[in-house]
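Have a look at target22.txt below; it lists compact mmCIF, C-alpha atoms and all ligand atoms.
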# COMPACT_ATOMS: atom_id res chain seq x y z
CA MET Y 262 14.87 -22.65 -60.68
CA ALA Y 263 17.21 -20.83 -58.30
CA SER Y 264 14.38 -18.53 -57.28
CA HIS Y 265 12.18 -21.57 -56.55
CA LEU Y 266 14.87 -22.96 -54.29
CA LEU Y 267 15.20 -19.60 -52.57
CA LEU Y 268 11.44 -19.47 -52.00
CA LEU Y 269 11.46 -23.01 -50.65
CA GLY Y 270 14.32 -22.09 -48.33
CA LEU Y 271 12.44 -19.04 -47.05
CA LEU Y 272 9.27 -21.08 -46.47
CA PHE Y 273 11.29 -23.74 -44.70
CA SER Y 274 13.00 -21.26 -42.36
CA ALA Y 275 9.72 -19.40 -41.73
CA THR Y 276 8.03 -22.67 -40.76
CA PHE Y 277 10.85 -23.68 -38.47
CA SER Y 278 11.26 -20.32 -36.79
CA PHE Y 279 7.52 -20.56 -36.02
CA ILE Y 280 7.86 -24.04 -34.54
CA PHE Y 281 10.88 -23.14 -32.44
CA ALA Y 282 9.18 -20.00 -31.07
CA THR Y 283 6.88 -22.17 -28.93
CA ASP Y 284 7.42 -25.25 -26.81
CA PRO Y 285 7.64 -28.48 -28.82
CA SER Y 286 4.65 -30.79 -28.30
CA GLN Y 287 5.08 -33.88 -26.14
CA LEU Y 288 5.52 -37.39 -27.55
CA GLN Y 289 4.16 -39.26 -24.49
CA ASP Y 290 1.52 -38.67 -21.79
CA PHE Y 291 3.99 -36.81 -19.63
CA CYS Y 292 7.71 -36.29 -19.12
CA VAL Y 293 8.06 -35.20 -15.51
CA ALA Y 294 11.25 -33.17 -15.19
CA ASP Y 295 14.16 -34.92 -13.51
CA PRO Y 296 16.11 -32.02 -12.02
CA ASN Y 297 18.98 -34.35 -11.07
CA SER Y 298 19.84 -35.46 -14.59
CA GLU Y 299 23.13 -34.16 -15.95
CA VAL Y 300 22.01 -34.59 -19.55
CA PHE Y 301 21.35 -31.26 -21.29
CA VAL Y 302 18.46 -31.31 -23.76
CA ASN Y 303 15.88 -28.83 -25.03
CA GLY Y 304 13.65 -28.96 -21.94
CA VAL Y 305 14.39 -31.28 -19.05
CA VAL Y 306 15.08 -35.01 -19.09
CA CYS Y 307 12.12 -37.25 -18.13
CA LYS Y 308 12.00 -38.95 -14.77
CA ASP Y 309 11.39 -42.72 -15.00
CA PRO Y 310 7.58 -42.92 -15.56
CA LYS Y 311 7.39 -45.85 -13.10
CA LEU Y 312 8.60 -43.52 -10.33
CA VAL Y 313 6.17 -40.69 -11.13
CA LYS Y 314 3.75 -39.71 -8.35
CA ALA Y 315 0.73 -37.38 -8.09
CA ASP Y 316 2.99 -34.89 -6.28
CA ASP Y 317 4.99 -34.45 -9.50
CA PHE Y 318 1.92 -32.72 -10.99
CA PHE Y 319 1.17 -30.67 -7.89
CA PHE Y 320 2.13 -27.25 -6.54
CA ARG Y 321 0.77 -25.76 -3.34
CA GLY Y 322 0.81 -22.09 -2.43
CA LEU Y 323 -0.80 -19.77 -4.98
CA ASN Y 324 -3.15 -18.66 -2.20
CA MET Y 325 -0.11 -17.00 -0.61
CA MET Y 326 0.49 -13.30 -1.24
CA GLY Y 327 3.97 -12.42 -2.52
CA ASN Y 328 5.89 -9.72 -0.65
CA THR Y 329 5.39 -6.46 -2.61
CA TYR Y 330 7.69 -4.38 -0.41
CA ASN Y 331 10.21 -3.56 -3.17
CA ASP Y 332 11.00 -0.74 -5.64
CA VAL Y 333 8.18 -1.54 -8.06
CA GLY Y 334 5.53 -2.67 -5.56
CA SER Y 335 4.76 -6.05 -7.09
CA ASN Y 336 5.69 -9.69 -6.75
CA VAL Y 337 5.36 -12.55 -9.22
CA THR Y 338 5.03 -16.08 -7.83
CA GLN Y 339 6.06 -18.43 -10.63
CA VAL Y 340 4.74 -21.91 -11.23
CA PHE Y 341 7.09 -22.85 -14.05
CA VAL Y 342 8.75 -26.22 -14.71
CA ALA Y 343 11.33 -25.43 -12.02
CA GLN Y 344 8.53 -25.29 -9.42
CA LEU Y 345 6.23 -27.97 -10.93
CA ALA Y 346 8.22 -30.78 -12.57
CA GLY Y 347 5.13 -32.23 -14.29
CA LEU Y 348 4.94 -29.18 -16.59
CA ASN Y 349 7.93 -30.43 -18.57
CA THR Y 350 7.04 -30.69 -22.31
CA LEU Y 351 3.42 -29.53 -21.73
CA GLY Y 352 3.87 -25.98 -23.05
CA ILE Y 353 2.03 -24.28 -20.21
CA SER Y 354 2.68 -22.61 -16.84
CA MET Y 355 1.15 -20.07 -14.49
CA VAL Y 356 1.86 -17.18 -12.14
CA ARG Y 357 0.22 -15.21 -9.35
CA ILE Y 358 1.00 -11.50 -9.39
CA ASP Y 359 0.51 -9.30 -6.32
CA TYR Y 360 0.45 -5.51 -6.56
CA ALA Y 361 0.74 -3.04 -3.70
CA PRO Y 362 -1.33 0.16 -4.04
CA LEU Y 363 0.13 1.93 -7.14
CA GLY Y 364 2.49 -1.03 -7.64
CA ILE Y 365 3.54 -2.02 -11.15
CA ASN Y 366 4.71 -5.13 -12.92
CA ALA Y 367 7.34 -3.25 -14.96
CA PRO Y 368 7.47 -3.45 -18.78
CA HIS Y 369 8.83 -6.88 -19.72
CA THR Y 370 8.55 -9.60 -22.34
CA HIS Y 371 8.37 -13.39 -22.34
CA PRO Y 372 10.54 -14.61 -25.22
CA ARG Y 373 8.79 -18.00 -25.34
CA ALA Y 374 5.17 -17.43 -24.32
CA THR Y 375 1.86 -15.73 -24.83
CA GLU Y 376 0.26 -14.76 -21.51
CA ILE Y 377 -3.44 -14.72 -20.61
CA LEU Y 378 -4.24 -12.85 -17.39
CA THR Y 379 -7.28 -12.40 -15.18
CA VAL Y 380 -7.79 -10.04 -12.24
CA ILE Y 381 -9.07 -11.72 -9.07
CA GLU Y 382 -8.78 -8.70 -6.78
CA GLY Y 383 -8.63 -4.92 -7.39
CA ARG Y 384 -8.25 -3.09 -10.68
CA LEU Y 385 -5.33 -3.05 -13.13
CA LEU Y 386 -4.26 -0.85 -16.01
CA VAL Y 387 -2.61 -3.23 -18.50
CA GLY Y 388 -1.04 -2.82 -21.92
CA PHE Y 389 1.29 -4.12 -24.59
CA VAL Y 390 3.17 -2.49 -27.46
CA THR Y 391 3.36 -3.92 -30.99
CA SER Y 392 6.63 -4.40 -32.92
CA ASN Y 393 8.38 -1.78 -35.07
CA PRO Y 394 7.60 0.33 -36.93
CA ASP Y 395 4.13 0.95 -35.47
CA ASN Y 396 4.82 0.46 -31.74
CA THR Y 397 1.09 0.77 -31.08
CA LEU Y 398 0.08 0.69 -27.42
CA PHE Y 399 -3.02 -1.41 -26.69
CA THR Y 400 -4.22 -0.65 -23.19
CA LYS Y 401 -7.22 -1.35 -20.98
CA VAL Y 402 -8.40 -1.03 -17.38
CA LEU Y 403 -9.34 -4.48 -16.03
CA GLU Y 404 -11.83 -5.17 -13.24
CA VAL Y 405 -12.19 -8.42 -11.29
CA GLY Y 406 -13.00 -11.25 -13.70
CA ASP Y 407 -11.76 -9.43 -16.79
CA VAL Y 408 -9.29 -11.26 -19.02
CA PHE Y 409 -6.54 -9.81 -21.22
CA VAL Y 410 -3.99 -11.50 -23.48
CA PHE Y 411 -0.40 -10.39 -24.09
CA PRO Y 412 0.83 -11.86 -27.39
CA GLN Y 413 4.12 -13.77 -27.36
CA GLY Y 414 7.29 -11.69 -27.26
CA LEU Y 415 5.63 -8.27 -27.01
CA ILE Y 416 6.54 -5.76 -24.27
CA HIS Y 417 3.73 -5.53 -21.72
CA PHE Y 418 3.02 -4.27 -18.19
CA GLN Y 419 0.35 -4.05 -15.49
CA ALA Y 420 -0.22 -1.26 -12.96
CA ASN Y 421 -2.42 -1.13 -9.88
CA ILE Y 422 -4.08 2.26 -10.31
CA ASP Y 423 -5.69 2.19 -6.86
CA GLU Y 424 -3.90 4.29 -4.23
CA HIS Y 425 -5.35 2.36 -1.30
CA ALA Y 426 -6.08 -1.24 -2.29
CA ASN Y 427 -3.93 -4.20 -3.29
CA ALA Y 428 -4.58 -6.05 -6.53
CA VAL Y 429 -4.05 -9.71 -7.47
CA ALA Y 430 -3.90 -11.36 -10.89
CA ILE Y 431 -3.53 -14.95 -12.05
CA ALA Y 432 -2.00 -15.61 -15.45
CA ALA Y 433 -1.25 -18.62 -17.64
CA LEU Y 434 1.66 -18.74 -20.09
CA SER Y 435 2.12 -20.93 -23.14
CA SER Y 436 5.50 -22.35 -22.14
CA GLN Y 437 6.80 -24.53 -19.31
CA ASN Y 438 9.63 -21.97 -19.05
CA PRO Y 439 8.42 -18.65 -20.57
CA GLY Y 440 11.49 -16.56 -19.70
CA VAL Y 441 11.21 -12.99 -18.48
CA ILE Y 442 13.14 -10.00 -19.84
CA THR Y 443 12.43 -6.92 -17.73
CA ILE Y 444 13.33 -4.07 -20.06
CA ALA Y 445 14.83 -1.70 -17.48
CA ASN Y 446 16.93 -4.42 -15.84
CA ALA Y 447 18.13 -5.95 -19.10
CA VAL Y 448 19.04 -2.62 -20.73
CA PHE Y 449 20.37 -0.66 -17.73
CA GLY Y 450 21.38 -3.50 -15.43
CA SER Y 451 23.18 -5.91 -17.74
CA ASN Y 452 26.34 -7.58 -16.49
CA PRO Y 453 28.68 -6.09 -17.55
CA ASP Y 454 27.06 -2.73 -18.43
CA ILE Y 455 26.21 -1.83 -22.00
CA ASP Y 456 28.49 1.13 -22.85
CA ALA Y 457 26.70 4.28 -21.58
CA ASN Y 458 27.45 6.10 -24.87
CA ILE Y 459 25.49 3.46 -26.75
CA LEU Y 460 22.49 3.81 -24.45
CA ALA Y 461 22.78 7.64 -24.51
CA LYS Y 462 22.45 7.56 -28.29
CA ALA Y 463 19.70 4.93 -28.23
CA PHE Y 464 17.61 6.85 -25.69
CA GLN Y 465 18.63 10.30 -27.00
CA VAL Y 466 19.73 11.55 -23.58
CA ASP Y 467 23.03 12.72 -22.05
CA VAL Y 468 25.50 10.06 -20.90
CA ASP Y 469 25.16 11.13 -17.24
CA VAL Y 470 21.44 10.35 -17.36
CA VAL Y 471 22.35 6.82 -18.48
CA THR Y 472 25.04 6.31 -15.82
CA LYS Y 473 22.60 7.56 -13.17
CA ILE Y 474 20.01 4.96 -14.26
CA GLN Y 475 22.66 2.24 -14.55
CA ALA Y 476 23.70 2.94 -10.96
CA LYS Y 477 20.17 2.07 -9.78
CA PHE Y 478 20.34 -1.44 -11.24
C1 LIG U 501 8.27 -12.13 -3.44
O1 LIG U 501 7.63 -12.71 -2.33
C2 LIG U 501 8.33 -13.83 -1.78
C3 LIG U 501 7.45 -14.43 -0.71
O2 LIG U 501 7.08 -13.45 0.25
C4 LIG U 501 9.68 -13.36 -1.28
O3 LIG U 501 10.39 -14.46 -0.78
C5 LIG U 501 10.45 -12.71 -2.43
O4 LIG U 501 11.67 -12.18 -1.96
C6 LIG U 501 9.63 -11.60 -3.06
N1 LIG U 501 10.33 -11.11 -4.26
C7 LIG U 501 10.52 -9.80 -4.49
C8 LIG U 501 11.21 -9.47 -5.78
O5 LIG U 501 10.19 -8.91 -3.74

Spell out the structure here as structure tokens.
Amino acid sequence: MASHLLLLGLLFSATFSFIFATDPSQLQDFCVADPNSEVFVNGVVCKDPKLVKADDFFFRGLNMMGNTYNDVGSNVTQVFVAQLAGLNTLGISMVRIDYAPLGINAPHTHPRATEILTVIEGRLLVGFVTSNPDNTLFTKVLEVGDVFVFPQGLIHFQANIDEHANAVAIAALSSQNPGVITIANAVFGSNPDIDANILAKAFQVDVDVVTKIQAKF
């Protein structure tokens, strides 16, 4: 009897952790985000539907190249719920990613979204790594028109392998607010720092290597 209850409990928590890993589905046609509401809920409070306009479902500017003049040589233009209020509760969003020659979109993860990406200009080396204990790297070179999917939560990256040409990708994500955790920034640039001795042991390097990396973030 006790073991049945335990099993039920496990099933219950497994089901719910699955549900909460993605955006909840909407209960009305739309729930355009009201950024001025002071109420804090899971998502954003709905604007009065009578006041909703076509512009609430509209974003202009993904034709514009992001400025890639930075340390990694890439720029992500986000169209999340913060930029497009109509995305609220719809479980979807999109980005444009620009890459300078040899630019990278550094290894990162989206805690709340799977990402599907297509190349519209240039050529990209892409990849993601599976969870422990395998940590298998799945990688591929994408040409214009190719599509690749990065499963939810897994660490992934893209790199423009051309020395002379820019690259551009468009991607869709299965959350209105996917979240981004850039591994290098989160681990070496947290605020305040993670103790360098902890990172030295984790990365199996000397402490001064860690403090040198921390200084860059
Ligand atoms: C990305 O490009 C935009 C538009 O040019 C710019 O405002 C922003 O600072 C850039 N971000 C990074 C990280 O370089």

ask   = So how many Å separate CA of Arg321 (chain Y) and atom C8 of ligand LIG 501 (chain U), to one decimal?
value =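 Calculated distance between CA of Arg321 (chain Y) and atom C8 of ligand LIG 501 (chain U) is 19.5 Å.
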
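Near Thr443 (chain Y), within 8 Å and counting all atoms listed in the file, sit Y:Ala367, Y:Pro368, Y:His369, Y:Thr370, not including residues fewer than 6 positions from it in the same chain.
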
Dump as a short mmCIF file (atom, residue, chain, number, x, y, z; two decimals), in the frame of the given file, selection limited to C-alpha atoms:
data_model
loop_
_atom_site.label_atom_id
_atom_site.label_comp_id
_atom_site.auth_asym_id
_atom_site.auth_seq_id
_atom_site.Cartn_x
_atom_site.Cartn_y
_atom_site.Cartn_z
CA ALA Y 367 7.34 -3.25 -14.96
CA PRO Y 368 7.47 -3.45 -18.78
CA HIS Y 369 8.83 -6.88 -19.72
CA THR Y 370 8.55 -9.60 -22.34
#

Can you build me a table of region 419-467 of chain Y residues sitting at most 12 Å from region 286-289 of chain Y, with the closest atom pair per residue and its distance in Å to one decimal, using only C-alpha atoms, sorted by chain and residue number, as a Markdown table?
| residue | atom | partner | partner_atom | distance |
| --- | --- | --- | --- | --- |
| Y:Ser435 | CA | Y:Ser286 | CA | 11.4 |
| Y:Ser436 | CA | Y:Ser286 | CA | 10.5 |
| Y:Gln437 | CA | Y:Ser286 | CA | 11.2 |

At most 7 Å from (11.6, -22.1, -16.9), file frame, all atoms listed in the file: which residues, as an mmCIF file with C-alpha atoms, in the frame of the given file?
data_model
loop_
_atom_site.group_PDB
_atom_site.id
_atom_site.type_symbol
_atom_site.label_atom_id
_atom_site.label_comp_id
_atom_site.auth_asym_id
_atom_site.auth_seq_id
_atom_site.Cartn_x
_atom_site.Cartn_y
_atom_site.Cartn_z
ATOM 1 C CA PHE Y 341 7.090 -22.850 -14.050
ATOM 2 C CA VAL Y 342 8.750 -26.220 -14.710
ATOM 3 C CA ALA Y 343 11.330 -25.430 -12.020
ATOM 4 C CA GLN Y 437 6.800 -24.530 -19.310
ATOM 5 C CA ASN Y 438 9.630 -21.970 -19.050
ATOM 6 C CA PRO Y 439 8.420 -18.650 -20.570
ATOM 7 C CA GLY Y 440 11.490 -16.560 -19.700
#

Cut-off 6 Å: closest chain Y/ligand LIG 501 (chain U) atom pairs per residue, using only C-alpha atoms and all ligand atoms, as a tab-separated table:
residue	atom	partner	partner_atom	distance
Y:Gly327	CA	U:LIG501	O1	3.7
Y:Asn328	CA	U:LIG501	O1	3.8
Y:Thr329	CA	U:LIG501	O5	5.5
Y:Asn331	CA	U:LIG501	O5	5.4
Y:Asn336	CA	U:LIG501	C1	4.9

Length of the CA of Val470 (chain Y) to CA of Gly450 (chain Y) vector [Å] =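 Separation of CA of Val470 (chain Y) and CA of Gly450 (chain Y): 14.0 Å.
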
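Distances to Met325 (chain Y) were evaluated for Y:Asn393, Y:Val429, Y:Ala457, Y:Val410 using all atoms listed in the file, and the minimum falls at Y:Val429.
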
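For the atom pair formed by CA of Arg357 (chain Y) and CA of Ile444 (chain Y), the distance is 20.3 Å, given to one decimal.
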
Using all atoms listed in the file: which of Y:Cys307, Y:Ala476, Y:Leu403, Y:Ala432 has the shortest distance to Ile353 (chain Y) =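 Checking each candidate against Ile353 (chain Y), we get Y:Ala432 as the closest.
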
message = Could you check the closest approach to Lys314 (chain Y) for each of Y:Gln339, Y:Ser451, Y:Asp332, Y:Cys292 and tell me which residue wins, using all atoms listed in the file?
response = Y:Cys292

Which residues come within 10 Å of Asn303 (chain Y), counting only C-alpha atoms, excluding same-chain residues fewer than 4 positions away, as a compact mmCIF listing (two decimals) with C-alpha atoms, in the frame of the given file?
# COMPACT_ATOMS: atom_id res chain seq x y z
CA ASP Y 284 7.42 -25.25 -26.81
CA PRO Y 285 7.64 -28.48 -28.82
CA THR Y 350 7.04 -30.69 -22.31

Residue nearest Gly352 (chain Y) among Y:Gly304, Y:Gly388, Y:Gly414, Y:Gly406 (counting all atoms listed in the file) =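 That would be Y:Gly304, the residue with the smallest distance to Gly352 (chain Y).
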
query = From the list Y:Ala430, Y:Leu415, Y:Leu345, Y:Ala420, which residue is nearest Gly364 (chain Y) when using all atoms listed in the file?
reply =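 Of Y:Ala430, Y:Leu415, Y:Leu345, Y:Ala420, the one nearest Gly364 (chain Y) is Y:Ala420, counting all atoms listed in the file.
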
query = With only C-alpha atoms as the basis for distance, which of Y:Asn421, Y:Thr283, Y:Asn349, Y:Ser298 is at the shortest distance from Glu382 (chain Y)?
reply =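 Counting only C-alpha atoms, the residue closest to Glu382 (chain Y) is Y:Asn421.
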
Excluding Val356 (chain Y) and residues on its chain fewer than 5 positions from it, collect all residues at most 7 Å away from it, counting only C-alpha atoms, and give them as a short mmCIF file (atom, residue, chain, number, x, y, z; two decimals) with C-alpha atoms, in the coordinates of the input.
data_model
loop_
_atom_site.label_atom_id
_atom_site.label_comp_id
_atom_site.auth_asym_id
_atom_site.auth_seq_id
_atom_site.Cartn_x
_atom_site.Cartn_y
_atom_site.Cartn_z
CA VAL Y 337 5.36 -12.55 -9.22
CA THR Y 338 5.03 -16.08 -7.83
CA GLN Y 339 6.06 -18.43 -10.63
CA VAL Y 340 4.74 -21.91 -11.23
CA ILE Y 431 -3.53 -14.95 -12.05
CA ALA Y 432 -2.00 -15.61 -15.45
CA ALA Y 433 -1.25 -18.62 -17.64
#

inquiry  = Just want the 8 Å neighbourhood of Arg384 (chain Y), counted on only C-alpha atoms, with same-chain residues fewer than 5 positions away dropped. Output as a list in words.
reply    =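 Once the nearby chain positions are removed, what remains is Val402, Leu403, Glu404, Val405, Asn421, Ile422, Asp423 and Ala428 of chain Y.
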
Reconstruct region 403-438 of chain Y at the level of N, CA and C atoms, and format the result as an mmCIF file, in the coordinates of the input.
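Saved result, rebuild_20.cif, follows:
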data_model
loop_
_atom_site.group_PDB
_atom_site.id
_atom_site.type_symbol
_atom_site.label_atom_id
_atom_site.label_comp_id
_atom_site.auth_asym_id
_atom_site.auth_seq_id
_atom_site.Cartn_x
_atom_site.Cartn_y
_atom_site.Cartn_z
ATOM 1 N N LEU Y 403 -8.672 -3.201 -16.313
ATOM 2 C CA LEU Y 403 -9.340 -4.480 -16.030
ATOM 3 C C LEU Y 403 -9.933 -4.474 -14.631
ATOM 4 N N GLU Y 404 -11.163 -4.970 -14.530
ATOM 5 C CA GLU Y 404 -11.830 -5.170 -13.240
ATOM 6 C C GLU Y 404 -11.750 -6.662 -12.896
ATOM 7 N N VAL Y 405 -12.171 -7.007 -11.699
ATOM 8 C CA VAL Y 405 -12.190 -8.420 -11.290
ATOM 9 C C VAL Y 405 -12.955 -9.250 -12.322
ATOM 10 N N GLY Y 406 -12.346 -10.345 -12.743
ATOM 11 C CA GLY Y 406 -13.000 -11.250 -13.700
ATOM 12 C C GLY Y 406 -12.696 -10.931 -15.143
ATOM 13 N N ASP Y 407 -12.125 -9.760 -15.413
ATOM 14 C CA ASP Y 407 -11.760 -9.430 -16.790
ATOM 15 C C ASP Y 407 -10.513 -10.214 -17.203
ATOM 16 N N VAL Y 408 -10.407 -10.475 -18.485
ATOM 17 C CA VAL Y 408 -9.290 -11.260 -19.020
ATOM 18 C C VAL Y 408 -8.613 -10.470 -20.130
ATOM 19 N N PHE Y 409 -7.290 -10.506 -20.175
ATOM 20 C CA PHE Y 409 -6.540 -9.810 -21.220
ATOM 21 C C PHE Y 409 -5.412 -10.725 -21.683
ATOM 22 N N VAL Y 410 -5.063 -10.643 -22.968
ATOM 23 C CA VAL Y 410 -3.990 -11.500 -23.480
ATOM 24 C C VAL Y 410 -2.834 -10.641 -23.990
ATOM 25 N N PHE Y 411 -1.623 -11.052 -23.629
ATOM 26 C CA PHE Y 411 -0.400 -10.390 -24.090
ATOM 27 C C PHE Y 411 0.277 -11.326 -25.084
ATOM 28 N N PRO Y 412 0.272 -10.955 -26.379
ATOM 29 C CA PRO Y 412 0.830 -11.860 -27.390
ATOM 30 C C PRO Y 412 2.331 -12.128 -27.191
ATOM 31 N N GLN Y 413 2.740 -13.310 -27.561
ATOM 32 C CA GLN Y 413 4.120 -13.770 -27.360
ATOM 33 C C GLN Y 413 5.159 -12.748 -27.792
ATOM 34 N N GLY Y 414 6.121 -12.503 -26.907
ATOM 35 C CA GLY Y 414 7.290 -11.690 -27.260
ATOM 36 C C GLY Y 414 7.094 -10.190 -27.122
ATOM 37 N N LEU Y 415 5.836 -9.713 -27.018
ATOM 38 C CA LEU Y 415 5.630 -8.270 -27.010
ATOM 39 C C LEU Y 415 5.823 -7.693 -25.594
ATOM 40 N N ILE Y 416 6.313 -6.452 -25.552
ATOM 41 C CA ILE Y 416 6.540 -5.760 -24.270
ATOM 42 C C ILE Y 416 5.188 -5.412 -23.661
ATOM 43 N N HIS Y 417 5.000 -5.796 -22.390
ATOM 44 C CA HIS Y 417 3.730 -5.530 -21.720
ATOM 45 C C HIS Y 417 3.960 -5.174 -20.251
ATOM 46 N N PHE Y 418 2.908 -4.705 -19.597
ATOM 47 C CA PHE Y 418 3.020 -4.270 -18.190
ATOM 48 C C PHE Y 418 1.635 -4.323 -17.568
ATOM 49 N N GLN Y 419 1.601 -4.262 -16.219
ATOM 50 C CA GLN Y 419 0.350 -4.050 -15.490
ATOM 51 C C GLN Y 419 0.645 -3.039 -14.389
ATOM 52 N N ALA Y 420 -0.373 -2.246 -14.033
ATOM 53 C CA ALA Y 420 -0.220 -1.260 -12.960
ATOM 54 C C ALA Y 420 -1.483 -1.230 -12.117
ATOM 55 N N ASN Y 421 -1.294 -1.295 -10.801
ATOM 56 C CA ASN Y 421 -2.420 -1.130 -9.880
ATOM 57 C C ASN Y 421 -2.682 0.366 -9.770
ATOM 58 N N ILE Y 422 -3.824 0.815 -10.277
ATOM 59 C CA ILE Y 422 -4.080 2.260 -10.310
ATOM 60 C C ILE Y 422 -4.811 2.732 -9.056
ATOM 61 N N ASP Y 423 -5.030 1.805 -8.108
ATOM 62 C CA ASP Y 423 -5.690 2.190 -6.860
ATOM 63 C C ASP Y 423 -4.641 2.621 -5.827
ATOM 64 N N GLU Y 424 -4.867 3.777 -5.212
ATOM 65 C CA GLU Y 424 -3.900 4.290 -4.230
ATOM 66 C C GLU Y 424 -3.993 3.588 -2.887
ATOM 67 N N HIS Y 425 -5.119 2.886 -2.649
ATOM 68 C CA HIS Y 425 -5.350 2.360 -1.300
ATOM 69 C C HIS Y 425 -5.443 0.839 -1.231
ATOM 70 N N ALA Y 426 -5.823 0.200 -2.347
ATOM 71 C CA ALA Y 426 -6.080 -1.240 -2.290
ATOM 72 C C ALA Y 426 -5.041 -2.049 -3.045
ATOM 73 N N ASN Y 427 -4.779 -3.256 -2.565
ATOM 74 C CA ASN Y 427 -3.930 -4.200 -3.290
ATOM 75 C C ASN Y 427 -4.678 -4.728 -4.513
ATOM 76 N N ALA Y 428 -3.948 -5.337 -5.411
ATOM 77 C CA ALA Y 428 -4.580 -6.050 -6.530
ATOM 78 C C ALA Y 428 -3.872 -7.396 -6.675
ATOM 79 N N VAL Y 429 -4.593 -8.363 -7.243
ATOM 80 C CA VAL Y 429 -4.050 -9.710 -7.470
ATOM 81 C C VAL Y 429 -4.491 -10.186 -8.848
ATOM 82 N N ALA Y 430 -3.566 -10.763 -9.584
ATOM 83 C CA ALA Y 430 -3.900 -11.360 -10.890
ATOM 84 C C ALA Y 430 -3.347 -12.774 -10.948
ATOM 85 N N ILE Y 431 -4.021 -13.607 -11.738
ATOM 86 C CA ILE Y 431 -3.530 -14.950 -12.050
ATOM 87 C C ILE Y 431 -3.349 -14.994 -13.570
ATOM 88 N N ALA Y 432 -2.220 -15.542 -14.012
ATOM 89 C CA ALA Y 432 -2.000 -15.610 -15.450
ATOM 90 C C ALA Y 432 -1.473 -16.981 -15.841
ATOM 91 N N ALA Y 433 -1.783 -17.389 -17.073
ATOM 92 C CA ALA Y 433 -1.250 -18.620 -17.640
ATOM 93 C C ALA Y 433 -0.355 -18.256 -18.810
ATOM 94 N N LEU Y 434 0.702 -19.027 -19.020
ATOM 95 C CA LEU Y 434 1.660 -18.740 -20.090
ATOM 96 C C LEU Y 434 1.890 -19.998 -20.922
ATOM 97 N N SER Y 435 2.062 -19.794 -22.226
ATOM 98 C CA SER Y 435 2.120 -20.930 -23.140
ATOM 99 C C SER Y 435 3.520 -21.522 -23.277
ATOM 100 N N SER Y 436 4.203 -21.674 -22.164
ATOM 101 C CA SER Y 436 5.500 -22.350 -22.140
ATOM 102 C C SER Y 436 5.714 -22.891 -20.736
ATOM 103 N N GLN Y 437 6.438 -24.019 -20.636
ATOM 104 C CA GLN Y 437 6.800 -24.530 -19.310
ATOM 105 C C GLN Y 437 7.859 -23.621 -18.671
ATOM 106 N N ASN Y 438 8.517 -22.809 -19.501
ATOM 107 C CA ASN Y 438 9.630 -21.970 -19.050
ATOM 108 C C ASN Y 438 9.634 -20.707 -19.913
#
